[in-house]
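Trainee: Supplied structure: my_file.cif, mmCIF, C-alpha atoms.
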```
data_query
loop_
_atom_site.group_PDB
_atom_site.id
_atom_site.type_symbol
_atom_site.label_atom_id
_atom_site.label_comp_id
_atom_site.auth_asym_id
_atom_site.auth_seq_id
_atom_site.Cartn_x
_atom_site.Cartn_y
_atom_site.Cartn_z
ATOM 1 C CA MET I 95 57.997 220.307 52.888
ATOM 2 C CA ARG I 96 61.204 221.387 51.132
ATOM 3 C CA VAL I 97 63.983 218.854 51.616
ATOM 4 C CA LEU I 98 67.642 218.809 50.613
ATOM 5 C CA LEU I 99 69.012 215.258 50.298
ATOM 6 C CA LEU I 100 72.726 215.627 50.926
ATOM 7 C CA VAL I 101 74.720 212.561 49.828
ATOM 8 C CA ASN I 102 78.323 211.562 50.355
ATOM 9 C CA SER I 103 78.791 208.971 47.614
ATOM 10 C CA ALA I 104 82.227 208.064 48.985
ATOM 11 C CA ALA I 105 80.758 206.833 52.282
ATOM 12 C CA SER I 106 81.094 203.095 52.788
ATOM 13 C CA SER I 107 77.370 202.177 52.857
ATOM 14 C CA VAL I 108 76.192 204.531 50.095
ATOM 15 C CA THR I 109 75.333 202.951 46.754
ATOM 16 C CA GLY I 110 73.634 204.308 43.648
ATOM 17 C CA ARG I 111 70.621 202.047 44.205
ATOM 18 C CA ARG I 112 70.132 203.154 47.806
ATOM 19 C CA ARG I 113 70.398 206.807 46.843
ATOM 20 C CA VAL I 114 67.755 206.413 44.126
ATOM 21 C CA VAL I 115 65.363 204.465 46.380
ATOM 22 C CA ILE I 116 65.675 206.993 49.187
ATOM 23 C CA GLN I 117 65.253 209.973 46.863
ATOM 24 C CA LYS I 118 62.091 208.457 45.362
ATOM 25 C CA ALA I 119 60.653 207.690 48.797
ATOM 26 C CA LEU I 120 61.258 211.232 50.042
ATOM 27 C CA SER I 121 59.900 212.741 46.818
ATOM 28 C CA ALA I 122 56.513 211.031 47.202
ATOM 29 C CA ASP I 123 55.355 213.626 49.749
ATOM 30 C CA HIS I 124 58.059 216.307 49.727
ATOM 31 C CA GLU I 125 59.854 218.649 47.342
ATOM 32 C CA VAL I 126 63.329 217.120 47.214
ATOM 33 C CA THR I 127 66.592 218.523 45.857
ATOM 34 C CA LEU I 128 69.670 216.287 45.623
ATOM 35 C CA SER I 129 73.219 217.512 46.240
ATOM 36 C CA GLU I 130 76.421 215.471 46.515
ATOM 37 C CA THR I 131 79.506 216.392 48.483
ATOM 38 C CA VAL I 132 82.760 216.467 46.532
ATOM 39 C CA ARG I 133 85.382 217.528 49.075
ATOM 40 C CA ARG I 134 86.043 218.058 52.763
ATOM 41 C CA GLY I 135 83.912 220.862 54.199
ATOM 42 C CA HIS I 136 81.491 220.838 51.262
ATOM 43 C CA ALA I 137 78.563 219.574 53.351
ATOM 44 C CA THR I 138 78.859 222.574 55.671
ATOM 45 C CA ARG I 139 78.585 225.020 52.795
ATOM 46 C CA LEU I 140 75.697 223.125 51.184
ATOM 47 C CA ALA I 141 73.787 222.933 54.476
ATOM 48 C CA ARG I 142 74.384 226.612 55.253
ATOM 49 C CA SER I 143 73.144 227.565 51.798
ATOM 50 C CA ALA I 144 70.050 225.378 52.272
ATOM 51 C CA ALA I 145 69.240 227.155 55.528
ATOM 52 C CA SER I 146 69.644 230.552 53.831
ATOM 53 C CA ASP I 147 67.258 229.415 51.079
ATOM 54 C CA GLY I 148 64.565 228.416 53.572
ATOM 55 C CA ILE I 149 64.877 224.640 53.154
ATOM 56 C CA ASP I 150 62.901 222.885 55.911
ATOM 57 C CA VAL I 151 65.048 219.769 56.382
ATOM 58 C CA VAL I 152 68.520 218.667 55.299
ATOM 59 C CA VAL I 153 68.631 214.867 55.085
ATOM 60 C CA VAL I 154 72.200 213.546 55.191
ATOM 61 C CA LEU I 155 73.029 210.163 53.656
ATOM 62 C CA GLY I 156 76.608 209.631 54.728
ATOM 63 C CA GLY I 157 78.841 208.907 57.690
ATOM 64 C CA ASP I 158 79.387 210.775 60.931
ATOM 65 C CA GLY I 159 81.865 213.166 59.338
ATOM 66 C CA THR I 160 79.324 214.342 56.759
ATOM 67 C CA LEU I 161 76.698 214.693 59.500
ATOM 68 C CA ASN I 162 79.101 216.778 61.551
ATOM 69 C CA GLU I 163 79.773 219.095 58.631
ATOM 70 C CA ALA I 164 76.053 219.510 57.942
ATOM 71 C CA ALA I 165 75.351 220.217 61.620
ATOM 72 C CA ASN I 166 77.973 222.974 61.526
ATOM 73 C CA GLY I 167 76.116 224.547 58.602
ATOM 74 C CA LEU I 168 72.709 224.308 60.303
ATOM 75 C CA ALA I 169 73.467 225.149 63.952
ATOM 76 C CA GLY I 170 71.587 228.232 65.044
ATOM 77 C CA THR I 171 69.148 228.136 62.099
ATOM 78 C CA ASP I 172 65.539 226.970 61.753
ATOM 79 C CA THR I 173 66.430 224.247 59.222
ATOM 80 C CA ALA I 174 66.363 220.768 60.737
ATOM 81 C CA LEU I 175 68.947 218.013 60.317
ATOM 82 C CA ALA I 176 67.911 214.416 59.580
ATOM 83 C CA ALA I 177 70.356 211.502 59.601
ATOM 84 C CA LEU I 178 70.467 208.433 57.364
ATOM 85 C CA PRO I 179 73.261 205.914 58.045
ATOM 86 C CA GLY I 180 75.749 205.766 55.177
ATOM 87 C CA GLY I 181 79.099 205.235 56.870
ATOM 88 C CA SER I 182 80.862 202.243 58.391
ATOM 89 C CA THR I 183 79.877 202.870 62.032
ATOM 90 C CA ASN I 184 77.076 205.499 61.977
ATOM 91 C CA VAL I 185 77.444 206.397 65.644
ATOM 92 C CA PHE I 186 75.025 209.333 65.721
ATOM 93 C CA ALA I 187 72.292 207.607 63.708
ATOM 94 C CA ARG I 188 72.432 204.619 66.059
ATOM 95 C CA ILE I 189 72.434 206.810 69.162
ATOM 96 C CA ILE I 190 69.117 208.374 68.128
ATOM 97 C CA GLY I 191 67.636 204.955 67.418
ATOM 98 C CA LEU I 192 67.890 204.485 63.652
ATOM 99 C CA PRO I 193 68.575 201.046 62.134
ATOM 100 C CA ASP I 194 71.848 200.537 60.283
ATOM 101 C CA ASP I 195 70.115 199.918 56.941
ATOM 102 C CA PRO I 196 69.666 203.318 55.222
ATOM 103 C CA ILE I 197 66.493 202.308 53.318
ATOM 104 C CA GLU I 198 64.828 201.034 56.480
ATOM 105 C CA ALA I 199 65.980 204.189 58.258
ATOM 106 C CA ALA I 200 64.445 206.296 55.478
ATOM 107 C CA GLY I 201 61.061 204.738 56.260
ATOM 108 C CA GLN I 202 61.388 205.772 59.897
ATOM 109 C CA LEU I 203 62.495 209.232 58.818
ATOM 110 C CA LEU I 204 59.383 209.662 56.670
ATOM 111 C CA ASP I 205 57.192 208.674 59.624
ATOM 112 C CA ALA I 206 59.014 211.203 61.806
ATOM 113 C CA LEU I 207 58.500 213.962 59.223
ATOM 114 C CA ASP I 208 54.790 213.120 59.047
ATOM 115 C CA ARG I 209 54.545 213.418 62.834
ATOM 116 C CA GLY I 210 56.584 216.612 62.950
ATOM 117 C CA ALA I 211 59.002 214.909 65.347
ATOM 118 C CA VAL I 212 61.600 217.669 65.495
ATOM 119 C CA ALA I 213 63.368 218.803 68.677
ATOM 120 C CA ARG I 214 66.185 221.189 69.519
ATOM 121 C CA ILE I 215 69.260 219.499 70.964
ATOM 122 C CA GLY I 216 72.458 220.784 72.519
ATOM 123 C CA LEU I 217 75.823 220.526 70.787
ATOM 124 C CA GLY I 218 79.393 220.628 71.968
ATOM 125 C CA VAL I 219 81.735 223.247 70.509
ATOM 126 C CA VAL I 220 85.519 222.913 70.309
ATOM 127 C CA ASP I 221 87.258 226.110 69.177
ATOM 128 C CA GLY I 222 84.248 227.098 67.066
ATOM 129 C CA ARG I 223 83.604 223.616 65.604
ATOM 130 C CA TYR I 224 80.339 221.985 66.682
ATOM 131 C CA PHE I 225 80.226 218.284 67.497
ATOM 132 C CA LEU I 226 77.196 216.029 67.786
ATOM 133 C CA PHE I 227 78.354 213.273 70.103
ATOM 134 C CA HIS I 228 82.007 213.573 71.089
ATOM 135 C CA CYS I 229 85.341 215.358 70.825
ATOM 136 C CA GLY I 230 88.491 213.308 71.360
ATOM 137 C CA ILE I 231 91.781 214.859 72.430
ATOM 138 C CA GLY I 232 95.100 213.029 72.453
ATOM 139 C CA PHE I 233 95.380 209.295 71.761
ATOM 140 C CA ASP I 234 92.078 208.713 69.946
ATOM 141 C CA ALA I 235 92.588 211.778 67.739
ATOM 142 C CA ALA I 236 95.990 210.379 66.749
ATOM 143 C CA VAL I 237 94.221 207.110 65.816
ATOM 144 C CA VAL I 238 91.725 209.021 63.653
ATOM 145 C CA GLU I 239 94.586 210.935 62.003
ATOM 146 C CA LEU I 240 96.287 207.676 61.045
ATOM 147 C CA VAL I 241 93.035 206.219 59.664
ATOM 148 C CA GLU I 242 92.404 209.328 57.551
ATOM 149 C CA SER I 243 95.946 209.160 56.175
ATOM 150 C CA ARG I 244 95.017 205.788 54.608
ATOM 151 C CA GLY I 245 92.396 207.501 52.430
ATOM 152 C CA PRO I 246 90.251 205.068 50.359
ATOM 153 C CA LEU I 247 91.063 202.124 52.660
ATOM 154 C CA LYS I 248 88.648 203.609 55.189
ATOM 155 C CA ARG I 249 85.698 202.855 52.887
ATOM 156 C CA TRP I 250 86.622 199.196 52.407
ATOM 157 C CA ALA I 251 88.554 198.181 55.539
ATOM 158 C CA GLY I 252 86.282 199.817 58.125
ATOM 159 C CA HIS I 253 86.759 198.461 61.652
ATOM 160 C CA PRO I 254 89.937 196.429 60.900
ATOM 161 C CA LEU I 255 91.643 199.636 59.802
ATOM 162 C CA PHE I 256 90.690 201.340 63.067
ATOM 163 C CA ILE I 257 92.029 198.390 65.065
ATOM 164 C CA TYR I 258 95.304 198.517 63.128
ATOM 165 C CA ALA I 259 95.541 202.284 63.680
ATOM 166 C CA ALA I 260 94.795 201.959 67.406
ATOM 167 C CA VAL I 261 97.473 199.306 67.926
ATOM 168 C CA THR I 262 100.039 201.201 65.854
ATOM 169 C CA THR I 263 99.329 204.465 67.669
ATOM 170 C CA TRP I 264 99.464 202.766 71.054
ATOM 171 C CA LEU I 265 102.859 201.234 70.283
ATOM 172 C CA GLN I 266 104.181 204.646 69.275
ATOM 173 C CA ARG I 267 102.670 206.719 72.106
ATOM 174 C CA ALA I 268 101.813 204.537 75.077
ATOM 175 C CA ASN I 269 105.179 204.869 76.786
ATOM 176 C CA ARG I 270 104.983 208.622 77.322
ATOM 177 C CA ARG I 271 105.410 209.216 81.036
ATOM 178 C CA ARG I 272 104.604 212.946 81.215
ATOM 179 C CA SER I 273 100.941 213.877 80.864
ATOM 180 C CA PRO I 274 100.742 216.234 77.848
ATOM 181 C CA MET I 275 97.385 217.800 78.702
ATOM 182 C CA ARG I 276 95.531 219.419 81.570
ATOM 183 C CA VAL I 277 91.755 219.729 81.660
ATOM 184 C CA LEU I 278 90.581 222.919 83.398
ATOM 185 C CA ASP I 279 87.108 224.029 84.430
ATOM 186 C CA ALA I 280 85.653 227.472 83.690
ATOM 187 C CA GLY I 281 87.356 228.897 86.786
ATOM 188 C CA GLY I 282 90.806 227.625 85.783
ATOM 189 C CA ASP I 283 90.977 224.796 88.331
ATOM 190 C CA THR I 284 92.513 221.531 87.145
ATOM 191 C CA LEU I 285 89.987 218.730 86.741
ATOM 192 C CA ALA I 286 92.310 216.070 85.332
ATOM 193 C CA GLU I 287 95.623 215.366 83.629
ATOM 194 C CA GLY I 288 96.132 212.658 81.063
ATOM 195 C CA LEU I 289 97.040 211.293 77.643
ATOM 196 C CA LEU I 290 93.468 210.978 76.380
ATOM 197 C CA THR I 291 90.393 213.084 77.069
ATOM 198 C CA ILE I 292 86.998 212.360 75.562
ATOM 199 C CA VAL I 293 84.365 215.072 75.822
ATOM 200 C CA LEU I 294 80.911 213.531 75.466
ATOM 201 C CA ASN I 295 77.814 215.342 74.274
ATOM 202 C CA LEU I 296 76.003 211.998 73.913
ATOM 203 C CA ASN I 297 76.685 208.376 74.864
ATOM 204 C CA PRO I 298 77.917 205.875 73.665
ATOM 205 C CA TYR I 299 81.337 206.998 72.563
ATOM 206 C CA THR I 300 81.268 204.611 69.581
ATOM 207 C CA TYR I 301 80.260 201.112 68.490
ATOM 208 C CA LEU I 302 82.407 198.056 67.890
ATOM 209 C CA GLY I 303 80.300 195.965 65.530
ATOM 210 C CA SER I 304 76.928 195.577 67.216
ATOM 211 C CA ARG I 305 78.279 196.346 70.685
ATOM 212 C CA SER I 306 78.150 199.862 72.108
ATOM 213 C CA PHE I 307 81.181 201.382 73.849
ATOM 214 C CA ASP I 308 79.406 202.990 76.830
ATOM 215 C CA LEU I 309 81.458 205.360 78.932
ATOM 216 C CA VAL I 310 78.752 207.304 80.789
ATOM 217 C CA PRO I 311 75.315 205.754 80.162
ATOM 218 C CA GLY I 312 72.239 207.937 80.504
ATOM 219 C CA LEU I 313 73.729 211.120 79.066
ATOM 220 C CA GLY I 314 70.790 212.860 77.393
ATOM 221 C CA GLN I 315 70.410 215.313 74.533
ATOM 222 C CA ASP I 316 69.572 218.189 76.874
ATOM 223 C CA GLU I 317 72.401 217.675 79.394
ATOM 224 C CA PRO I 318 75.790 219.460 79.528
ATOM 225 C CA LEU I 319 79.083 217.841 78.623
ATOM 226 C CA VAL I 320 80.951 215.009 80.341
ATOM 227 C CA THR I 321 84.722 214.477 80.255
ATOM 228 C CA VAL I 322 86.464 211.121 80.566
ATOM 229 C CA THR I 323 90.242 211.422 80.987
ATOM 230 C CA LEU I 324 92.719 208.542 80.994
ATOM 231 C CA PRO I 325 95.876 209.484 82.912
ATOM 232 C CA SER I 326 97.789 206.522 81.498
ATOM 233 C CA LEU I 327 97.817 204.456 78.316
ATOM 234 C CA SER I 328 99.371 201.423 79.981
ATOM 235 C CA LEU I 329 97.551 198.169 79.341
ATOM 236 C CA HIS I 330 96.761 197.512 83.008
ATOM 237 C CA ARG I 331 94.976 200.903 83.126
ATOM 238 C CA MET I 332 93.316 200.929 79.694
ATOM 239 C CA LEU I 333 92.014 197.354 79.523
ATOM 240 C CA PRO I 334 89.693 197.553 82.578
ATOM 241 C CA VAL I 335 88.202 200.766 81.165
ATOM 242 C CA ALA I 336 87.668 199.245 77.714
ATOM 243 C CA LEU I 337 86.212 195.996 79.086
ATOM 244 C CA LYS I 338 83.828 197.833 81.414
ATOM 245 C CA ALA I 339 82.676 200.084 78.564
ATOM 246 C CA LEU I 340 82.019 197.074 76.324
ATOM 247 C CA ARG I 341 80.341 194.874 78.922
ATOM 248 C CA SER I 342 78.134 196.776 81.333
ATOM 249 C CA GLY I 343 79.123 200.347 80.516
ATOM 250 C CA ASP I 344 79.815 203.199 82.952
ATOM 251 C CA VAL I 345 83.499 203.766 83.690
ATOM 252 C CA ARG I 346 82.819 206.099 86.617
ATOM 253 C CA GLY I 347 84.788 205.007 89.647
ATOM 254 C CA LEU I 348 87.456 203.046 87.776
ATOM 255 C CA PRO I 349 91.059 203.962 88.722
ATOM 256 C CA GLY I 350 92.005 204.216 85.043
ATOM 257 C CA ALA I 351 89.500 206.953 84.235
ATOM 258 C CA THR I 352 88.600 210.362 85.679
ATOM 259 C CA VAL I 353 85.029 211.459 84.946
ATOM 260 C CA HIS I 354 83.510 214.938 85.357
ATOM 261 C CA GLU I 355 79.872 215.672 84.549
ATOM 262 C CA GLY I 356 77.682 218.720 84.003
ATOM 263 C CA LEU I 357 80.356 220.836 82.283
ATOM 264 C CA ARG I 358 79.343 223.877 80.254
ATOM 265 C CA ASP I 359 82.785 225.418 79.690
ATOM 266 C CA LEU I 360 86.258 223.903 79.935
ATOM 267 C CA THR I 361 89.749 224.314 78.524
ATOM 268 C CA VAL I 362 92.440 221.813 77.617
ATOM 269 C CA HIS I 363 96.093 222.895 77.734
ATOM 270 C CA ALA I 364 98.877 220.809 76.198
ATOM 271 C CA GLU I 365 102.586 221.167 75.552
ATOM 272 C CA PRO I 366 103.512 220.065 72.937
ATOM 273 C CA PRO I 367 100.260 220.711 70.999
ATOM 274 C CA VAL I 368 97.842 217.798 71.174
ATOM 275 C CA PRO I 369 95.781 216.347 68.265
ATOM 276 C CA TYR I 370 91.993 216.532 68.468
ATOM 277 C CA GLN I 371 88.984 215.275 66.517
ATOM 278 C CA ALA I 372 85.246 215.918 66.470
ATOM 279 C CA ASP I 373 82.746 213.148 65.621
ATOM 280 C CA GLY I 374 85.552 211.170 63.998
ATOM 281 C CA ASP I 375 87.022 214.001 61.876
ATOM 282 C CA HIS I 376 90.643 214.897 62.628
ATOM 283 C CA LEU I 377 90.960 218.673 63.057
ATOM 284 C CA GLY I 378 94.693 219.159 63.648
ATOM 285 C CA ALA I 379 96.668 219.887 66.828
ATOM 286 C CA ALA I 380 96.573 222.787 69.272
ATOM 287 C CA PRO I 381 98.244 223.855 72.540
ATOM 288 C CA ARG I 382 94.928 225.157 73.907
ATOM 289 C CA LEU I 383 91.351 224.127 73.213
ATOM 290 C CA ARG I 384 88.267 225.812 74.610
ATOM 291 C CA ILE I 385 85.247 223.520 74.716
ATOM 292 C CA ARG I 386 81.734 224.601 75.651
ATOM 293 C CA TRP I 387 78.173 223.342 75.552
ATOM 294 C CA ALA I 388 75.663 225.112 73.290
ATOM 295 C CA PRO I 389 72.118 224.212 74.444
ATOM 296 C CA GLU I 390 69.295 223.969 71.869
ATOM 297 C CA ALA I 391 71.744 224.712 69.068
ATOM 298 C CA LEU I 392 70.314 222.369 66.421
ATOM 299 C CA ARG I 393 66.880 221.286 65.218
ATOM 300 C CA LEU I 394 66.954 217.504 64.779
ATOM 301 C CA VAL I 395 64.436 215.096 63.255
ATOM 302 C CA LEU I 396 63.984 212.259 65.742
ATOM 303 C CA PRO I 397 62.710 208.784 64.716
#
```
How would this structure read if it were set down as structure tokens?
Mentor:
Amino acid sequence: MRVLLLVNSAASSVTGRRRVVIQKALSADHEVTLSETVRRGHATRLARSAASDGIDVVVVLGGDGTLNEAANGLAGTDTALAALPGGSTNVFARIIGLPDDPIEAAGQLLDALDRGAVARIGLGVVDGRYFLFHCGIGFDAAVVELVESRGPLKRWAGHPLFIYAAVTTWLQRANRRRSPMRVLDAGGDTLAEGLLTIVLNLNPYTYLGSRSFDLVPGLGQDEPLVTVTLPSLSLHRMLPVALKALRSGDVRGLPGATVHEGLRDLTVHAEPPVPYQADGDHLGAAPRLRIRWAPEALRLVLP
């Protein structure tokens, strides 16, 4: 099998030793080519080129952002994506059942390749950008923007940096009284209004240490999208949602969250333009975002 090992050496869990060990393990039974990303968007171009060259599998050793870029290069092709955890949180790798240690995960990946354990999964799409597990619009995208503005600190500070960014962003934005966004269904009817909307392709939304942040448990890889909208960022509204997500999961029915399931096409309108992110990558701000579900868009190696 022809394999491209795509490595983001700047990711927090990637080391030279781990890269060498993983490359040697993959090379024992497969024809492996190594490529390293050097800038934002590079993984998309490398993955797209691999698909054009007939590569069977692109194995990504990096964080969720690198995985997202690779998925955007492979969506709609016959080349499969395989994940190895290399970031600080590794949401997607953990969702599909991989351990957090990349060398241990590589062993499971090799077993999956031997079994031919590859399936097509659905992806979300926000204004032409695919996402694997979620798209955040509003507050959480502003948090991601602040984290990315700190550059190299993200590699070393990890979760503390996200906590700092969340608190700082909340202090700056939580007192807005007017809801800046409306979530509309395919027919143009308003589903929700709020300051934060999370569009889930998979659950959980993220992980805090070893604990999952479950918003809508049971969301599968072959099911349409789910939206979770918070109408307010006040503490008495946000805290019950956060505590429920961290403890037992499932925020459906809470007064601080509006949940809609089974969505294949929706639009978010905002004035002024609202920031948005996909799989933890900040993508800018827009007054209108069209979001849809693309079934069976990506071939994925499953452990």
Trainee: Counting all atoms listed in the file, figure out which residue out of I:Leu255, I:Leu309, I:Val108, I:Leu265 gets nearest to Leu329 (chain I).
Mentor: I:Leu265
Trainee: Asp123 (chain I): which residues within 12 Å, counting all atoms listed in the file, same-chain residues fewer than 5 positions away excluded, as a ChimeraX atom specification?
Mentor: /I:95-97,117-118,204-205,207-208
Trainee: Evaluate the PyMOL selection byres ((chain I and resi 362) around 7) on the structure here and hand back the selected residues as a ChimeraX atom specification.
Mentor: /I:275-278,360-361,363-364,382-384
Trainee: Evaluated on this file, the PyMOL selection byres ((chain I and resi 170-187) around 7) picks out some residues - which ones are they, written as a PyMOL selection string?
Mentor: chain I and resi 105-108+145+149-158+165+168-169+188-192+194-196+199-200+227+252+300-301+391-395
Trainee: For this file, the PyMOL selection byres ((chain I and resi 321) around 8) selects which residues, as a PyMOL selection string?
Mentor: chain I and resi 291-294+319-320+322-323+352-355+357
Trainee: Just to confirm, what's the straight-line distance from CA of Arg134 (chain I) to CA of Thr263 (chain I) in Å (one decimal)?
Mentor: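 We find that CA of Arg134 (chain I) and CA of Thr263 (chain I) lie 24.2 Å from each other.
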Trainee: Considering all atoms listed in the file, state which residue in the set I:Pro389, I:Gly135, I:Gly374, I:Pro318 is at the smallest distance from Glu239 (chain I).
Mentor: I:Gly374
Trainee: Taking all atoms listed in the file into account, which of I:Arg214, I:Arg386, I:His136, I:His124 comes nearest Asn295 (chain I)?
Mentor: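 Smallest separation from Asn295 (chain I) among the options: I:Arg386.
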Trainee: At what distance in Å, to one decimal, does CA of Trp264 (chain I) lie from CA of Ala235 (chain I)?
Mentor: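 Going from CA of Ala235 (chain I) over to CA of Trp264 (chain I) covers 11.8 Å.
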Trainee: Identify, on the basis of all atoms listed in the file, every residue whose closest approach to Val238 (chain I) does not exceed 10 Å; exclude the query and any residue fewer than 6 positions from it along the same chain; express the result as a list in words.
Mentor: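 Here the qualifying residues turn out to be Gly230, Phe256, Ala259, Ala260, Thr263, Pro369, Tyr370, Gln371, Ala372, Gly374, Asp375, His376 and Leu377 of chain I.
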Trainee: Between I:Arg139, I:Val212, I:Thr127, I:Asp234, which has the minimum distance to Gly167 (chain I) (counting all atoms listed in the file)?
Mentor: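 That would be I:Arg139, the residue with the smallest distance to Gly167 (chain I).
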Trainee: Let me make sure I understand: among I:Arg133, I:Arg223, I:Arg142, I:His330, which one has the smallest atom-to-atom distance to Asp373 (chain I) if we use all atoms listed in the file?
Mentor: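 So, comparing all the options, the nearest one is I:Arg223.
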Trainee: Using Å and a single decimal, report how far CA of Pro367 (chain I) sits from CA of Phe307 (chain I).
Mentor: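 About the pair CA of Phe307 (chain I) and CA of Pro367 (chain I): they are 27.3 Å apart.
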Trainee: Please fill the gaps in region 103-110 of chain I so it has all heavy atoms, and write that as a short mmCIF file (atom, residue, chain, number, x, y, z; two decimals), in the frame of the given file.
Mentor:
```
data_model
loop_
_atom_site.label_atom_id
_atom_site.label_comp_id
_atom_site.auth_asym_id
_atom_site.auth_seq_id
_atom_site.Cartn_x
_atom_site.Cartn_y
_atom_site.Cartn_z
N SER I 103 78.71 210.22 48.38
CA SER I 103 78.79 208.97 47.61
C SER I 103 80.03 208.16 47.95
O SER I 103 80.10 206.97 47.61
CB SER I 103 78.77 209.28 46.11
OG SER I 103 77.52 209.83 45.74
N ALA I 104 81.02 208.79 48.61
CA ALA I 104 82.23 208.06 48.98
C ALA I 104 82.07 207.30 50.29
O ALA I 104 82.94 206.51 50.65
CB ALA I 104 83.40 209.04 49.10
N ALA I 105 80.98 207.53 51.01
CA ALA I 105 80.76 206.83 52.28
C ALA I 105 80.57 205.34 52.03
O ALA I 105 80.05 204.92 50.99
CB ALA I 105 79.54 207.42 53.00
N SER I 106 80.96 204.54 53.01
CA SER I 106 81.09 203.10 52.79
C SER I 106 79.78 202.38 52.51
O SER I 106 79.77 201.36 51.82
CB SER I 106 81.79 202.45 53.99
OG SER I 106 81.06 202.68 55.18
N SER I 107 78.65 202.87 53.05
CA SER I 107 77.37 202.18 52.86
C SER I 107 76.49 202.82 51.79
O SER I 107 75.35 202.39 51.60
CB SER I 107 76.60 202.13 54.18
OG SER I 107 77.32 201.40 55.15
N VAL I 108 76.99 203.83 51.10
CA VAL I 108 76.19 204.53 50.10
C VAL I 108 76.40 203.88 48.74
O VAL I 108 77.53 203.71 48.28
CB VAL I 108 76.57 206.02 50.03
CG1 VAL I 108 75.81 206.72 48.90
CG2 VAL I 108 76.27 206.70 51.36
N THR I 109 75.29 203.49 48.11
CA THR I 109 75.33 202.95 46.75
C THR I 109 74.36 203.74 45.88
O THR I 109 73.47 204.43 46.39
CB THR I 109 74.93 201.46 46.73
OG1 THR I 109 73.55 201.34 47.14
CG2 THR I 109 75.81 200.64 47.65
N GLY I 110 74.53 203.62 44.56
CA GLY I 110 73.63 204.31 43.65
C GLY I 110 72.19 203.86 43.83
O GLY I 110 71.26 204.67 43.80
#
```
